[in-house]
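Notes follow once the structure below has been shown.
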Amino acid sequence: MERYHNIVVLTGAGLSAESGLGTFRGPGGLWENFRIEDVATPEGFARDPVLVHGFYNLRRSWHKKARPNAAHLALARLEREHGNVLTVTQNIDALHEAAGTKNLIPMHGELERALCAACGVSAPWTEDLSIETLCQACGAAAMRPDVVWFGEMPREMERIDEALGACDLFISIGTSGTVYPAAGFVMEARAAGAHAVELNLEPSDGADLFLERIEGPATEIVPAYVERLLCTRP
Ligand code: BJW
Ligand code: ZN
C-alpha cells in the first residue's frame with residue numbers, strides 16, 4: 001500500500017450497527033417504522049414536535065446503552081498512530097468520541113446536545129426533551145435535538161471541503177451514499193487526486209466512484225484495513 005499523508009474518513013450508520021444501533025435504510029432500518037418527512041425535517045418538527053421528541057428520546061435511550069465497537073476503536077488508533085486524520089461522521093451517537101477519536105466533525109449534529117430554536121444556543125443534553133423543556137440560556141420553551149434534518153445545512157462544511165481538497169486518502173465506511181452532501185465527498189476527494197476506498201457490508205449507491213472496495217462487517221474489515229495502513233507507514 002502507498003504511503004498517505006492526509007486522510008479523511010467518512011462514517012455512517014453501518015459503523016455503529018454492531019454496537020446495537022439500527023441503520024436508517026434497508027430491512028429493519030429506522031425508516032421502516034418512521035417516515036423521514038415526519039421525524040427528520042424542520043417541517044415535520046413544526047407539525048408534530050411531540051412525535052419528533054419521542055423519536056429522538058427513544059434513540060437517546062438506545063445510545064446510552066451502546067459502546068464503541070472494534071471499528072470505532074481501530075479508527076481512534078489510526079488517528080493516534082498516523083497523526084493526520086480527520087474523521088467526519090454522519091452519526092449522532094458519540095461513539096467515535098467514546099472510542100478516543102479527537103479530530104472529529106459530527107456533520108449531522110449530536111444527539112447528546114440540545115439546540116434552542118429561539119436563541120440558537122446549543123448545550124450538552126443527556127435527558128429526554130419535551131415541548132415544555134426550557135432553554136437554560138433564554139428561558140424559551142423551544143428546545144430541539146441539535147441534529148441536522150433534511151433541508152438544513154450540515155455542520156462545518158467549510159472545514160470538511162478544505163480537508164477533502166487536501167487529502168490523498170478518502171475512506172468511506174458504512175454509509176449508503178444516498179444523502180448529500182456526504183454522498184458527494186468521494187468526488188471531491190478524487191478531484192483532489194486522492195485514493196478512495198469504500199468499506200461496507202454491501203456496495204453503496206455510489207460504489208462505482210471508489211477505486212477500491214472491501215466488503216464485510218465493519219468490526220472485521222475496519223481493524224484489518226487500519227492494520228494494513230499502519231504497517232506500511234514510512
Ligand atoms: C454496514 C453494516 C456493518 C450495515 N458493517 N457496514 C436531490 C439531489 C441531491 C440532493 C438533494 C436532493 N434533494 C434534496 C437534497 C439534499 C438532501 C439529500 O441528500 N436528500 C437525499 C434524500 C437525496 N440533503 C440535505 O438536505 C442535507 N442538507 C443539505 O444538503 O444542505 C444544503 C447544502 C448545500 C451545499 C452544501 C452543503 C449543504 C441534510 C441532510 C441531513 C440528513 N439527516 C439525517 C438525520 C440526522 C439525525 C438523525 O440521525 O436522526 O442523517 S437522515 C439519515 O441519513 C441520517 C444519516 O446520517 C444519513 C445517512 O445515512 P447512512 O449513515 O448512510 O445510513 P444508511 O442506513 O442509509 O446506510 C447504512 C449503510 O451501512 C448501508 O450502506 C449498509 O450496507 C451499511 N452497513 N451494517 C458495515 N455491520
Ligand atoms: Zn434559548
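Scheme for the C-alpha cells: letters A, B, ... for chains in order shown; per-chain residue numbers from 1; ligand numbers from 1 in order shown.
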
Quiz item: Which residues sit within 9 Å of ligand 2, counting only C-alpha atoms and all ligand atoms, listed as an MDAnalysis selection string?
Solution: chainID A and resid 115:122 134:143

Write to file, as a tab-separated table (two decimals), in the first residue's frame, the residues of the selection just made, with all heavy atoms.
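And here's again-v8.tsv as it stands now:
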chain	number	residue	atom	x	y	z
A	115	LEU	N	-30.60	22.13	21.13
A	115	LEU	CA	-30.47	23.44	20.48
A	115	LEU	C	-31.74	24.24	20.73
A	115	LEU	O	-32.85	23.70	20.57
A	115	LEU	CB	-30.29	23.20	18.98
A	115	LEU	CG	-30.23	24.40	18.05
A	115	LEU	CD1	-28.94	25.19	18.28
A	115	LEU	CD2	-30.29	23.93	16.60
A	116	CYS	N	-31.57	25.50	21.12
A	116	CYS	CA	-32.75	26.35	21.34
A	116	CYS	C	-33.10	27.02	20.01
A	116	CYS	O	-32.29	27.77	19.46
A	116	CYS	CB	-32.48	27.39	22.41
A	116	CYS	SG	-33.85	28.55	22.58
A	117	ALA	N	-34.32	26.77	19.53
A	117	ALA	CA	-34.74	27.36	18.25
A	117	ALA	C	-34.98	28.85	18.40
A	117	ALA	O	-35.02	29.57	17.41
A	117	ALA	CB	-35.99	26.65	17.75
A	118	ALA	N	-35.12	29.34	19.64
A	118	ALA	CA	-35.37	30.78	19.84
A	118	ALA	C	-34.07	31.58	19.84
A	118	ALA	O	-33.97	32.60	19.14
A	118	ALA	CB	-36.12	30.99	21.16
A	119	CYS	N	-33.06	31.13	20.60
A	119	CYS	CA	-31.84	31.96	20.71
A	119	CYS	C	-30.62	31.32	20.04
A	119	CYS	O	-29.57	31.94	19.95
A	119	CYS	CB	-31.53	32.27	22.18
A	119	CYS	SG	-30.88	30.87	23.12
A	120	GLY	N	-30.75	30.08	19.59
A	120	GLY	CA	-29.66	29.44	18.84
A	120	GLY	C	-28.56	28.85	19.70
A	120	GLY	O	-27.55	28.36	19.18
A	121	VAL	N	-28.71	28.88	21.03
A	121	VAL	CA	-27.67	28.32	21.90
A	121	VAL	C	-27.78	26.79	21.92
A	121	VAL	O	-28.87	26.23	22.02
A	121	VAL	CB	-27.79	28.89	23.34
A	121	VAL	CG1	-26.96	28.08	24.32
A	121	VAL	CG2	-27.34	30.35	23.35
A	122	SER	N	-26.62	26.14	21.80
A	122	SER	CA	-26.56	24.67	21.85
A	122	SER	C	-25.86	24.28	23.15
A	122	SER	O	-24.85	24.88	23.52
A	122	SER	CB	-25.77	24.16	20.65
A	122	SER	OG	-25.39	22.82	20.85
A	134	LEU	N	-37.31	23.96	28.98
A	134	LEU	CA	-36.93	25.38	28.84
A	134	LEU	C	-35.45	25.53	28.51
A	134	LEU	O	-34.61	24.79	29.04
A	134	LEU	CB	-37.24	26.13	30.14
A	134	LEU	CG	-38.70	26.11	30.60
A	134	LEU	CD1	-38.86	26.90	31.90
A	134	LEU	CD2	-39.64	26.66	29.52
A	135	CYS	N	-35.14	26.50	27.68
A	135	CYS	CA	-33.75	26.81	27.35
A	135	CYS	C	-33.07	27.43	28.58
A	135	CYS	O	-33.62	28.35	29.19
A	135	CYS	CB	-33.71	27.80	26.18
A	135	CYS	SG	-32.07	28.45	25.86
A	136	GLN	N	-31.90	26.91	28.90
A	136	GLN	CA	-31.21	27.42	30.09
A	136	GLN	C	-30.58	28.78	29.84
A	136	GLN	O	-30.20	29.48	30.76
A	136	GLN	CB	-30.17	26.41	30.57
A	136	GLN	CG	-30.87	25.20	31.18
A	136	GLN	CD	-29.96	24.02	31.47
A	136	GLN	OE1	-28.78	24.05	31.13
A	136	GLN	NE2	-30.51	23.00	32.09
A	137	ALA	N	-30.48	29.18	28.57
A	137	ALA	CA	-29.90	30.49	28.25
A	137	ALA	C	-30.96	31.58	28.20
A	137	ALA	O	-30.77	32.66	28.76
A	137	ALA	CB	-29.15	30.41	26.92
A	138	CYS	N	-32.10	31.33	27.52
A	138	CYS	CA	-33.08	32.42	27.34
A	138	CYS	C	-34.44	32.12	27.94
A	138	CYS	O	-35.31	33.00	27.94
A	138	CYS	CB	-33.23	32.75	25.84
A	138	CYS	SG	-34.24	31.55	24.92
A	139	GLY	N	-34.66	30.89	28.42
A	139	GLY	CA	-35.92	30.58	29.10
A	139	GLY	C	-37.06	30.17	28.17
A	139	GLY	O	-38.14	29.82	28.65
A	140	ALA	N	-36.83	30.19	26.85
A	140	ALA	CA	-37.92	29.83	25.92
A	140	ALA	C	-38.17	28.32	25.91
A	140	ALA	O	-37.24	27.54	26.11
A	140	ALA	CB	-37.57	30.30	24.51
A	141	ALA	N	-39.41	27.94	25.68
A	141	ALA	CA	-39.74	26.51	25.53
A	141	ALA	C	-39.65	26.20	24.04
A	141	ALA	O	-40.67	26.04	23.36
A	141	ALA	CB	-41.13	26.24	26.08
A	142	ALA	N	-38.43	26.14	23.54
A	142	ALA	CA	-38.24	25.97	22.10
A	142	ALA	C	-37.07	25.05	21.81
A	142	ALA	O	-36.31	25.26	20.86
A	142	ALA	CB	-38.01	27.34	21.46
A	143	MET	N	-36.90	24.02	22.66
A	143	MET	CA	-35.73	23.15	22.51
A	143	MET	C	-35.98	22.05	21.47
A	143	MET	O	-37.07	21.52	21.35
A	143	MET	CB	-35.39	22.48	23.85
A	143	MET	CG	-35.08	23.46	24.97
A	143	MET	SD	-33.80	24.65	24.54
A	143	MET	CE	-32.34	23.62	24.61

Within 6 Å of ligand 1, which residues of chain A come that close, and what is the closest atom pair and distance in Å for each? Count only C-alpha atoms and all ligand atoms and give it as CSV.
residue,atom,partner,partner_atom_place_in_ligand_line,distance
A:Gly12,CA,ligand 1,62 (O),3.3
A:Ala13,CA,ligand 1,62 (O),3.8
A:Gly14,CA,ligand 1,71 (O),3.2
A:Leu15,CA,ligand 1,5 (N),5.5
A:Ala17,CA,ligand 1,80 (N),5.1
A:Glu18,CA,ligand 1,80 (N),5.4
A:Thr23,CA,ligand 1,66 (O),4.0
A:Phe24,CA,ligand 1,66 (O),3.4
A:Arg25,CA,ligand 1,66 (O),3.9
A:Ala40,CA,ligand 1,45 (C),5.6
A:Gln90,CA,ligand 1,57 (O),4.0
A:Asn91,CA,ligand 1,57 (O),5.2
A:Ile92,CA,ligand 1,49 (O),5.5
A:His108,CA,ligand 1,46 (C),5.3
A:Val147,CA,ligand 1,47 (C),5.1
A:Val148,CA,ligand 1,41 (C),5.1
A:Trp149,CA,ligand 1,41 (C),4.4
A:Phe150,CA,ligand 1,26 (O),3.6
A:Gly151,CA,ligand 1,26 (O),3.6
A:Glu152,CA,ligand 1,28 (N),4.7
A:Met153,CA,ligand 1,31 (O),4.0
A:Pro154,CA,ligand 1,28 (N),5.7
A:Gly174,CA,ligand 1,71 (O),3.7
A:Thr175,CA,ligand 1,63 (O),3.4
A:Ser176,CA,ligand 1,73 (O),3.4
A:Gly177,CA,ligand 1,63 (O),5.5
A:Thr178,CA,ligand 1,21 (C),5.9
A:Val179,CA,ligand 1,19 (O),3.6
A:Tyr180,CA,ligand 1,19 (O),3.5
A:Pro181,CA,ligand 1,37 (C),5.3
A:Asn200,CA,ligand 1,6 (N),4.1
A:Leu201,CA,ligand 1,6 (N),4.1
A:Glu202,CA,ligand 1,75 (O),4.6
A:Ser204,CA,ligand 1,73 (O),5.0
A:Pro217,CA,ligand 1,5 (N),3.7
A:Ala218,CA,ligand 1,5 (N),3.7

Practice problem: Mind listing the alpha helix (DSSP H) residues of region 77-154 of chain A, per DSSP on the backbone, as a list in words? | Solution: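 Reading the DSSP output for region 77-154 of chain A, alpha helix (DSSP H) covers Arg77, Leu78, Glu79, Arg80, Glu81, His82, Leu95, His96, Glu97, Ala98 and Ala99 of chain A.
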
Selection above as a file: N, CA and C atoms, as a PDB file, in the first residue's frame:
ATOM      1  N   ARG A  77      -7.360   4.482  16.829  1.00  0.00           N
ATOM      2  CA  ARG A  77      -5.940   4.078  16.765  1.00  0.00           C
ATOM      3  C   ARG A  77      -5.281   4.689  15.519  1.00  0.00           C
ATOM      4  N   LEU A  78      -6.010   4.662  14.400  1.00  0.00           N
ATOM      5  CA  LEU A  78      -5.458   5.246  13.166  1.00  0.00           C
ATOM      6  C   LEU A  78      -5.095   6.719  13.401  1.00  0.00           C
ATOM      7  N   GLU A  79      -6.019   7.462  14.032  1.00  0.00           N
ATOM      8  CA  GLU A  79      -5.743   8.880  14.301  1.00  0.00           C
ATOM      9  C   GLU A  79      -4.524   9.040  15.216  1.00  0.00           C
ATOM     10  N   ARG A  80      -4.492   8.232  16.272  1.00  0.00           N
ATOM     11  CA  ARG A  80      -3.404   8.323  17.264  1.00  0.00           C
ATOM     12  C   ARG A  80      -2.047   8.015  16.642  1.00  0.00           C
ATOM     13  N   GLU A  81      -1.993   6.964  15.829  1.00  0.00           N
ATOM     14  CA  GLU A  81      -0.696   6.482  15.341  1.00  0.00           C
ATOM     15  C   GLU A  81      -0.277   7.124  14.018  1.00  0.00           C
ATOM     16  N   HIS A  82      -1.247   7.543  13.206  1.00  0.00           N
ATOM     17  CA  HIS A  82      -0.881   8.183  11.944  1.00  0.00           C
ATOM     18  C   HIS A  82      -0.672   9.675  12.137  1.00  0.00           C
ATOM     19  N   LEU A  95     -20.144   7.721  19.539  1.00  0.00           N
ATOM     20  CA  LEU A  95     -19.292   6.541  19.761  1.00  0.00           C
ATOM     21  C   LEU A  95     -17.844   6.766  19.309  1.00  0.00           C
ATOM     22  N   HIS A  96     -17.631   7.661  18.329  1.00  0.00           N
ATOM     23  CA  HIS A  96     -16.241   7.982  17.967  1.00  0.00           C
ATOM     24  C   HIS A  96     -15.519   8.633  19.147  1.00  0.00           C
ATOM     25  N   GLU A  97     -16.210   9.594  19.789  1.00  0.00           N
ATOM     26  CA  GLU A  97     -15.601  10.283  20.944  1.00  0.00           C
ATOM     27  C   GLU A  97     -15.319   9.270  22.050  1.00  0.00           C
ATOM     28  N   ALA A  98     -16.287   8.380  22.283  1.00  0.00           N
ATOM     29  CA  ALA A  98     -16.119   7.378  23.350  1.00  0.00           C
ATOM     30  C   ALA A  98     -14.935   6.459  23.050  1.00  0.00           C
ATOM     31  N   ALA A  99     -14.644   6.248  21.751  1.00  0.00           N
ATOM     32  CA  ALA A  99     -13.516   5.387  21.377  1.00  0.00           C
ATOM     33  C   ALA A  99     -12.184   6.132  21.480  1.00  0.00           C
TER      34      ALA A  99
END

Quiz prompt | Selected residue, from A:Val222, A:Ile160, A:Met187, A:Leu58, that lies nearest to Pro106 (chain A) when counting only C-alpha atoms | solution =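 Among the listed residues, the smallest separation from Pro106 (chain A) belongs to A:Ile160.
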
Quiz prompt | Residue nearest Ala70 (chain A) - candidates A:Asn57, A:Asn103, A:Thr89, A:Ser19, atoms counted: only C-alpha atoms | solution =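 Nearest to Ala70 (chain A): A:Ser19.
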
Quiz item: Looking only at the backbone, which of the residues in region 81-186 of chain A does DSSP tag as strand (DSSP E), as a list in words?
Solution: Val85, Leu86, Thr87, Val88, Thr89, Leu104, Ile105, Pro106, Gly109, Glu110, Leu111, Glu112, Arg113, Ala114, Leu115, Cys116, Ser122, Ala123, Pro124, Met143, Arg144, Pro145, Asp146, Val147, Leu169, Phe170, Ile171, Ser172 and Ile173 of chain A

Self-check item: Shortest interatomic distance to His195 (chain A) - which of A:Val226, A:Leu111, A:Leu30, A:Cys167, counting only C-alpha atoms
Solution: A:Cys167

Quiz item: Could you pull the residues within 12 Å of Ala191 (chain A), counting only C-alpha atoms, minus those fewer than 3 positions along the same chain, as a list of chain:residue names?
Solution: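 The residues satisfying every condition are A:Asp161, A:Leu164, A:Gly165, A:Ala166, A:Cys167, A:Asp168, A:Leu169, A:Phe170, A:Gly184, A:Phe185, A:Val186, A:Met187, A:Glu188, A:Ala194, A:His195, A:Ala196, A:Leu209.
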
Quiz item: What is the CA of Met157 (chain A)-CA of Pro223 (chain A) distance in Å, reported with one decimal?
Solution: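 Those two atoms sit 27.7 Å apart.
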
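Among the candidates A:Leu199, A:Leu230, A:Val52, A:Ile105, the one nearest to His5 (chain A) when counting only C-alpha atoms is A:Leu230.
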
Pick out the residues sitting within 7 Å of Leu104 (chain A), and hand them over as a compact mmCIF listing (two decimals) with all heavy atoms, in the first residue's frame; count only C-alpha atoms, and ignore anything fewer than 5 positions along from it in its own chain.
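This is the output file result_32.txt:
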# COMPACT_ATOMS: atom_id res chain seq x y z
N LEU A 86 -8.64 13.24 9.62
CA LEU A 86 -9.89 13.91 10.03
C LEU A 86 -11.02 12.91 9.86
O LEU A 86 -11.20 12.34 8.78
CB LEU A 86 -10.17 15.15 9.15
CG LEU A 86 -11.54 15.80 9.40
CD1 LEU A 86 -11.62 16.42 10.81
CD2 LEU A 86 -11.86 16.86 8.34
N THR A 87 -11.77 12.68 10.93
CA THR A 87 -12.93 11.79 10.83
C THR A 87 -14.19 12.65 10.78
O THR A 87 -14.41 13.49 11.65
CB THR A 87 -12.99 10.84 12.05
OG1 THR A 87 -11.76 10.10 12.10
CG2 THR A 87 -14.15 9.88 11.93
N VAL A 88 -14.96 12.44 9.71
CA VAL A 88 -16.24 13.14 9.55
C VAL A 88 -17.32 12.09 9.70
O VAL A 88 -17.33 11.10 8.96
CB VAL A 88 -16.33 13.78 8.15
CG1 VAL A 88 -17.66 14.50 7.99
CG2 VAL A 88 -15.16 14.74 7.90

Exercise. Would you mind telling me which residue in A:Phe45, A:Tyr56, A:Tyr225, A:Tyr4 lies nearest to Leu129 (chain A) when using only C-alpha atoms?
Key: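 Checking each candidate against Leu129 (chain A), we get A:Tyr56 as the closest.
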
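Counting from CA of Pro145 (chain A), the distance to CA of His53 (chain A) is 7.8 Å.
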
Practice problem: Point out the residue among A:Thr133, A:Ser172, A:Asn6, A:Thr232 with the least atom-to-atom distance to Ala207 (chain A), counting only C-alpha atoms. | Solution: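 Of A:Thr133, A:Ser172, A:Asn6, A:Thr232, the one nearest Ala207 (chain A), counting only C-alpha atoms, is A:Ser172.
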
Quiz item: What does the distance between CA of Glu220 (chain A) and CA of Ala94 (chain A) come to in Å, to one decimal place?
Solution: 20.7 Å
